[in-house]
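J.: Sharing a structure, written as structure tokens. Questions coming.
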Amino acid sequence: MTSIDRRTLLAGSAALGFRQTASAVSNPRATPSADAALRPMNVPAPRSFTGDWASLTSGYTAPDWFRDAKFGIWAHWGAASVPAAGDDWYGRDMYLQGHPSYQHHLKHYGHPADRGFMEIQNAWKAERWDPAELLDLYKRAGARYFMALANHHDNLDCFASSHHGWNSTRIGPKRDIVGTWAGLARERGLRFAVSNHSAHAWHWNQPAYGYDPEGPRRGQRYDAARLTLANGRGTWWNGLDPQHLYGGASMQMPDGIGSLAEANAWHAATDGLWNEGPSPDPAFVSRWLLRCRELIDRYEPDMLYFDNHDLPLGQAGLDIAAYFYNQNMQRNGGRLEGVCTAKETPPQRRMGLVDVVERGQKSFIDPYPWQTETCLGNWFYGEQYLREDRYKTPAKVIHTLCDVVSKNGNLMLSVPIRGDGTIDAKEREIVEEVGIWMRRYGDAIYGSRPWRIHAEGSTGPGSGALSEGGRDSSYTAKDIRYVRKGNALHALVLGWPDDGVVRMTLLGSSNPVARGSVERVSLPGGPALSFRRMEDVLEVSLPAGLRTPIGLALIVNGSGLVNRPRDAAS
């Protein structure tokens with residue numbers, strides 16, 4: 001792999017996705033067509049999966065609960081929320097002299113040679129956390145599944161881990177965060193997911209072994225380089241080995257680096273590489289496997305999310321995916337109800353799990369169910385998002401959901417939580433507004449499947465990872481996304497027309513895509529609306545009393561619009 005960091009890699013992947021899509025236009029066989037999305041994708045699961053791609057790809061089918069749910073909410077919450085700096089990599093970036101998070105840490109906590117990230121982990125107290133109230137809010141917002149962060153790259157387990165002393169029952173909150181979320185989510189009828197990011201801890205934490213290349217403390221190594229099990233006697237971390245947390249000095253920055261530019265270049269070429277291969281430390285991999293198995297066995301998640309391109313840690317990732325599927329089938333009488341994810345999965349492996357796109361879209365109907373993930377602000381809480389009014393708008397969230405669903409995907413939305421366990425007033429307002437729209441129009445979303453063509457109007461900000469655009473939506477009432485549900489076609493209108501008339505050019509009587517009749521147009525649960533179908537357009541008059549800038553969903557009924565012989569099996 002070339003010397004690039006994760007963000008560069010993701011941006012490059014987005015560009016690659018565009019090239020693949022462009023190629024498919026000139027070569028229809030290069031990617032599935034819209035019709036392919038209507039074909040049956042179910043395959044019988046084996047009696048038992050084995051840890052290899054041949055087994056995973058030949059026996060996996062995404063379960064109906066996931067395909068029907070469409071919308072989930074994620075508590076991407078952990079120790080990095082405490083500084084409220086809005087940096088999802090705070091635990092790494094605070095060790096990079098010159099980085100804003102290094103400056104933040106220096107100002108608020110002291111020098112990283114004196115007070116490292118393990119101290120921030122213990123400062124995470126969750127003292128005002130009310131998980132039941134938050135889950136009630138998320139359910140009102142329309143979420144059908146909920147995901148808790150089990151661990152991040154900082155390597156702290158947010159659950160009662162028997163194999164890793166650095167966990168939230170031993171330090172910080174002194175609570176089983178994942179277990180609490182799991183029980184309360186299931187009480188509310190939500191499917192439960194966990195996100196696991198710790199496979200990268202072995203290289204992600206390596207800057208903690210470095211030092212300042214410049215300034216009055218240049219050359220003094222940070223906390224990870226000097227702390228051992230023995231140093232913990234009489235402290236809050238008595239009995240814990242910091243080397244198990246930070247991963248051991250497998251890539252320690254060498255002595256003699258004397259400038260920020262040289263230090264940054266060294267990190268980019270070594271510990272900054274986003275490599276999904278195995279760690280050079282077999283003990284780290286063994287502990288990771290034990291932690292994952294316990295996470296699966298203790299909390300029985302419906303979804304196991306990996307923050308990895310491809311499965312993590314080589315063979316270990318394959319083994320844990322097979323274990324997760326097998327345990328899930330055992331709990332469900334032989335039915336496979338589990339969802340395992342990875343990011344931007346190579347095409348030949350797509351059928352073995354659910355593909356995830358971070359903060360971005362796909363440009364086509366994927367025949368295999370997939371998920372996009374995004375956040376109201378940054379992944380961990382940043383007070384600047386409230387102060388500067390930088391959160392995504394409700395329209396941005398809903399329009400993203402409609403676009404993703406039209407392409408056979410789901411949306412997972414993270415609502416950043418402060419270190420104390422609360423969300424701020426602006427986040428709450430956004431989530432409540434999303435819930436108002438979902439209660440009115442969500443029936444057009446849940447349980448739907450792709451139609452023949454997913455959209456008319458603009459395609460949006462872009463495709464691929466990190467392509468979602470700004471905080472607000474760029475769509476208008478001319479942008480419409482289509483899905484089908486039962487015998488009806490649903491038109492998701494991404495705005496409210498100024499004159500109160502929706503115009504759908506795809507549904508004009510002369511358009512071969514919309515072959516069939518239009519007999520009734522209505523709102524979910526509402527009366528029939530006045531419409532006029534012409535050769536080039538279907539016009540629908542809207543009730544002014546329901547006007548909202550976010551948009552609406554229309555239900556279009558008519559013979560031949562949806563029903564086709566092979567639709568029923570998909």
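Chain lettering (A, B, ...) mirrors the order of the structure tokens, residue numbering begins at 1 for each chain separately, and ligand numbering begins at 1 in order of display.
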Would you tabulate, counting only C-alpha atoms, all residues of stretch 232-345 of chain A that have an atom at most 10 Å from an atom of stretch 92-107 of chain A, showing the closest pair of atoms and their distance in Å to one decimal, sorted by chain then ascending number, as CSV?

T.:
```
residue,atom,partner,partner_atom,distance
A:Ser259,CA,A:Gln97,CA,9.8
A:Leu260,CA,A:Gln97,CA,7.0
A:Ala261,CA,A:Gly98,CA,9.8
A:Ala263,CA,A:Leu96,CA,8.4
A:Asn264,CA,A:Leu96,CA,7.8
A:His267,CA,A:Leu96,CA,9.1
```

J.: Can you measure atom CA of A:Tyr90 to atom CA of A:Glu119 for me? One decimal in Å is fine.

T.: 12.9 Å

J.: With a cut-off of 12 Å, could you pull out the residues of stretch 121-230 of chain A touching stretch 325-344 of chain A and give me the nearest pair of atoms for each, distance in Å to one decimal, using only C-alpha atoms, ordered by chain and ascending number, as a tab-separated table?

T.:
```
residue	atom	partner	partner_atom	distance
A:Tyr145	CA	A:Val339	CA	11.9
A:Arg191	CA	A:Gly338	CA	10.4
A:Phe192	CA	A:Gly338	CA	10.3
A:Ala193	CA	A:Val339	CA	8.7
A:Val194	CA	A:Cys340	CA	10.0
A:Ser195	CA	A:Thr341	CA	9.4
A:Asn196	CA	A:Thr341	CA	10.2
A:His197	CA	A:Ala342	CA	10.9
```

J.: Can you spit out the residues from that selection as a PDB file, in the first residue's frame, using N, CA and C atoms?

T.:
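Below is the file part38.pdb, written as the result:
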```pdb
ATOM      1  N   TYR A 145     -33.512   0.637  14.421  1.00  0.00           N
ATOM      2  CA  TYR A 145     -32.425  -0.078  15.076  1.00  0.00           C
ATOM      3  C   TYR A 145     -31.457   0.932  15.676  1.00  0.00           C
ATOM      4  N   ARG A 191     -33.902  -3.233  17.112  1.00  0.00           N
ATOM      5  CA  ARG A 191     -32.785  -4.137  16.878  1.00  0.00           C
ATOM      6  C   ARG A 191     -31.510  -3.475  17.405  1.00  0.00           C
ATOM      7  N   PHE A 192     -30.559  -4.315  17.865  1.00  0.00           N
ATOM      8  CA  PHE A 192     -29.379  -3.782  18.540  1.00  0.00           C
ATOM      9  C   PHE A 192     -28.104  -4.109  17.769  1.00  0.00           C
ATOM     10  N   ALA A 193     -27.268  -3.095  17.617  1.00  0.00           N
ATOM     11  CA  ALA A 193     -26.007  -3.234  16.893  1.00  0.00           C
ATOM     12  C   ALA A 193     -24.860  -2.733  17.760  1.00  0.00           C
ATOM     13  N   VAL A 194     -23.661  -3.218  17.470  1.00  0.00           N
ATOM     14  CA  VAL A 194     -22.449  -2.725  18.125  1.00  0.00           C
ATOM     15  C   VAL A 194     -21.424  -2.374  17.051  1.00  0.00           C
ATOM     16  N   SER A 195     -20.669  -1.310  17.294  1.00  0.00           N
ATOM     17  CA  SER A 195     -19.585  -0.954  16.372  1.00  0.00           C
ATOM     18  C   SER A 195     -18.248  -1.232  17.039  1.00  0.00           C
ATOM     19  N   ASN A 196     -17.371  -1.870  16.292  1.00  0.00           N
ATOM     20  CA  ASN A 196     -16.085  -2.327  16.804  1.00  0.00           C
ATOM     21  C   ASN A 196     -14.983  -1.701  15.948  1.00  0.00           C
ATOM     22  N   HIS A 197     -14.168  -0.836  16.551  1.00  0.00           N
ATOM     23  CA  HIS A 197     -13.135  -0.088  15.822  1.00  0.00           C
ATOM     24  C   HIS A 197     -11.722  -0.450  16.276  1.00  0.00           C
TER      25      HIS A 197
END
```

J.: Excluding same-chain residues fewer than 4 positions from A:Asp157, what lies within 8 Å of it counting only C-alpha atoms, as number ranges by chain?

T.: A: 150-152, 161, 164, 166-168

J.: Emit the selected residues as a PDB file, in the first residue's frame, including all heavy atoms.

T.:
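And here's selection_21.pdb as it stands now:
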```pdb
ATOM      1  N   ALA A 150     -18.838  -0.088  20.817  1.00  0.00           N
ATOM      2  CA  ALA A 150     -18.261  -1.065  21.745  1.00  0.00           C
ATOM      3  C   ALA A 150     -16.829  -0.710  22.106  1.00  0.00           C
ATOM      4  O   ALA A 150     -16.381  -0.955  23.235  1.00  0.00           O
ATOM      5  CB  ALA A 150     -18.311  -2.462  21.134  1.00  0.00           C
ATOM      6  N   ASN A 151     -16.096  -0.183  21.163  1.00  0.00           N
ATOM      7  CA  ASN A 151     -14.752   0.341  21.407  1.00  0.00           C
ATOM      8  C   ASN A 151     -14.346   1.181  20.212  1.00  0.00           C
ATOM      9  O   ASN A 151     -14.858   0.994  19.109  1.00  0.00           O
ATOM     10  CB  ASN A 151     -13.723  -0.756  21.681  1.00  0.00           C
ATOM     11  CG  ASN A 151     -13.818  -1.912  20.708  1.00  0.00           C
ATOM     12  OD1 ASN A 151     -13.950  -1.729  19.502  1.00  0.00           O
ATOM     13  ND2 ASN A 151     -13.761  -3.138  21.220  1.00  0.00           N
ATOM     14  N   HIS A 152     -13.442   2.116  20.441  1.00  0.00           N
ATOM     15  CA  HIS A 152     -12.925   2.925  19.342  1.00  0.00           C
ATOM     16  C   HIS A 152     -11.452   2.570  19.151  1.00  0.00           C
ATOM     17  O   HIS A 152     -10.924   1.642  19.778  1.00  0.00           O
ATOM     18  CB  HIS A 152     -13.139   4.419  19.617  1.00  0.00           C
ATOM     19  CG  HIS A 152     -13.099   5.260  18.381  1.00  0.00           C
ATOM     20  ND1 HIS A 152     -12.135   6.206  18.136  1.00  0.00           N
ATOM     21  CD2 HIS A 152     -13.907   5.264  17.294  1.00  0.00           C
ATOM     22  CE1 HIS A 152     -12.347   6.764  16.962  1.00  0.00           C
ATOM     23  NE2 HIS A 152     -13.420   6.202  16.414  1.00  0.00           N
ATOM     24  N   SER A 161     -15.684  -6.346  29.757  1.00  0.00           N
ATOM     25  CA  SER A 161     -14.745  -7.219  29.057  1.00  0.00           C
ATOM     26  C   SER A 161     -13.917  -8.026  30.054  1.00  0.00           C
ATOM     27  O   SER A 161     -13.239  -7.454  30.915  1.00  0.00           O
ATOM     28  CB  SER A 161     -13.825  -6.379  28.170  1.00  0.00           C
ATOM     29  OG  SER A 161     -12.853  -7.185  27.553  1.00  0.00           O
ATOM     30  N   HIS A 164      -9.916  -7.721  28.729  1.00  0.00           N
ATOM     31  CA  HIS A 164      -9.249  -6.432  28.545  1.00  0.00           C
ATOM     32  C   HIS A 164      -9.618  -5.555  29.732  1.00  0.00           C
ATOM     33  O   HIS A 164     -10.760  -5.079  29.841  1.00  0.00           O
ATOM     34  CB  HIS A 164      -9.721  -5.806  27.225  1.00  0.00           C
ATOM     35  CG  HIS A 164      -8.947  -4.609  26.797  1.00  0.00           C
ATOM     36  ND1 HIS A 164      -7.578  -4.605  26.650  1.00  0.00           N
ATOM     37  CD2 HIS A 164      -9.357  -3.356  26.466  1.00  0.00           C
ATOM     38  CE1 HIS A 164      -7.174  -3.410  26.230  1.00  0.00           C
ATOM     39  NE2 HIS A 164      -8.241  -2.637  26.128  1.00  0.00           N
ATOM     40  N   TRP A 166      -8.859  -2.619  30.442  1.00  0.00           N
ATOM     41  CA  TRP A 166      -9.175  -1.243  30.076  1.00  0.00           C
ATOM     42  C   TRP A 166     -10.584  -1.200  29.501  1.00  0.00           C
ATOM     43  O   TRP A 166     -10.791  -1.205  28.291  1.00  0.00           O
ATOM     44  CB  TRP A 166      -8.144  -0.704  29.082  1.00  0.00           C
ATOM     45  CG  TRP A 166      -6.770  -0.610  29.671  1.00  0.00           C
ATOM     46  CD1 TRP A 166      -5.793  -1.559  29.636  1.00  0.00           C
ATOM     47  CD2 TRP A 166      -6.240   0.493  30.422  1.00  0.00           C
ATOM     48  NE1 TRP A 166      -4.685  -1.122  30.315  1.00  0.00           N
ATOM     49  CE2 TRP A 166      -4.916   0.140  30.800  1.00  0.00           C
ATOM     50  CE3 TRP A 166      -6.739   1.742  30.806  1.00  0.00           C
ATOM     51  CZ2 TRP A 166      -4.111   0.994  31.549  1.00  0.00           C
ATOM     52  CZ3 TRP A 166      -5.928   2.588  31.549  1.00  0.00           C
ATOM     53  CH2 TRP A 166      -4.636   2.216  31.909  1.00  0.00           C
ATOM     54  N   ASN A 167     -11.560  -1.187  30.404  1.00  0.00           N
ATOM     55  CA  ASN A 167     -12.955  -1.177  29.972  1.00  0.00           C
ATOM     56  C   ASN A 167     -13.773  -0.281  30.891  1.00  0.00           C
ATOM     57  O   ASN A 167     -13.336   0.082  31.990  1.00  0.00           O
ATOM     58  CB  ASN A 167     -13.510  -2.593  29.886  1.00  0.00           C
ATOM     59  CG  ASN A 167     -13.720  -3.233  31.233  1.00  0.00           C
ATOM     60  OD1 ASN A 167     -14.646  -2.895  31.964  1.00  0.00           O
ATOM     61  ND2 ASN A 167     -12.837  -4.173  31.599  1.00  0.00           N
ATOM     62  N   SER A 168     -14.963   0.070  30.449  1.00  0.00           N
ATOM     63  CA  SER A 168     -15.771   1.086  31.119  1.00  0.00           C
ATOM     64  C   SER A 168     -16.351   0.631  32.450  1.00  0.00           C
ATOM     65  O   SER A 168     -16.908   1.444  33.191  1.00  0.00           O
ATOM     66  CB  SER A 168     -16.909   1.545  30.197  1.00  0.00           C
ATOM     67  OG  SER A 168     -17.793   0.468  29.913  1.00  0.00           O
TER      68      SER A 168
END
```

J.: With a cut-off of 12 Å, could you pull out the residues of stretch 95-159 of chain A touching stretch 398-406 of chain A and give me the nearest pair of atoms for each, distance in Å to one decimal, using only C-alpha atoms, ordered by chain and ascending number, as CSV?

T.:
```
residue,atom,partner,partner_atom,distance
A:Ala141,CA,A:Ile398,CA,10.9
A:Gly142,CA,A:Ile398,CA,10.9
A:Ala143,CA,A:Leu401,CA,11.5
```

J.: Once you have the residues from the selection above, write them out as a JSON list (two decimals), in the first residue's frame, restricted to N, CA and C atoms.

T.:
```
[["chain", "number", "residue", "atom", "x", "y", "z"],
["A", 141, "ALA", "N", -37.98, 9.49, 16.77],
["A", 141, "ALA", "CA", -37.42, 10.02, 15.53],
["A", 141, "ALA", "C", -37.59, 9.06, 14.37],
["A", 142, "GLY", "N", -38.01, 7.83, 14.65],
["A", 142, "GLY", "CA", -38.24, 6.87, 13.57],
["A", 142, "GLY", "C", -37.20, 5.80, 13.43],
["A", 143, "ALA", "N", -36.21, 5.77, 14.32],
["A", 143, "ALA", "CA", -35.18, 4.73, 14.23],
["A", 143, "ALA", "C", -35.80, 3.37, 14.49]]
```
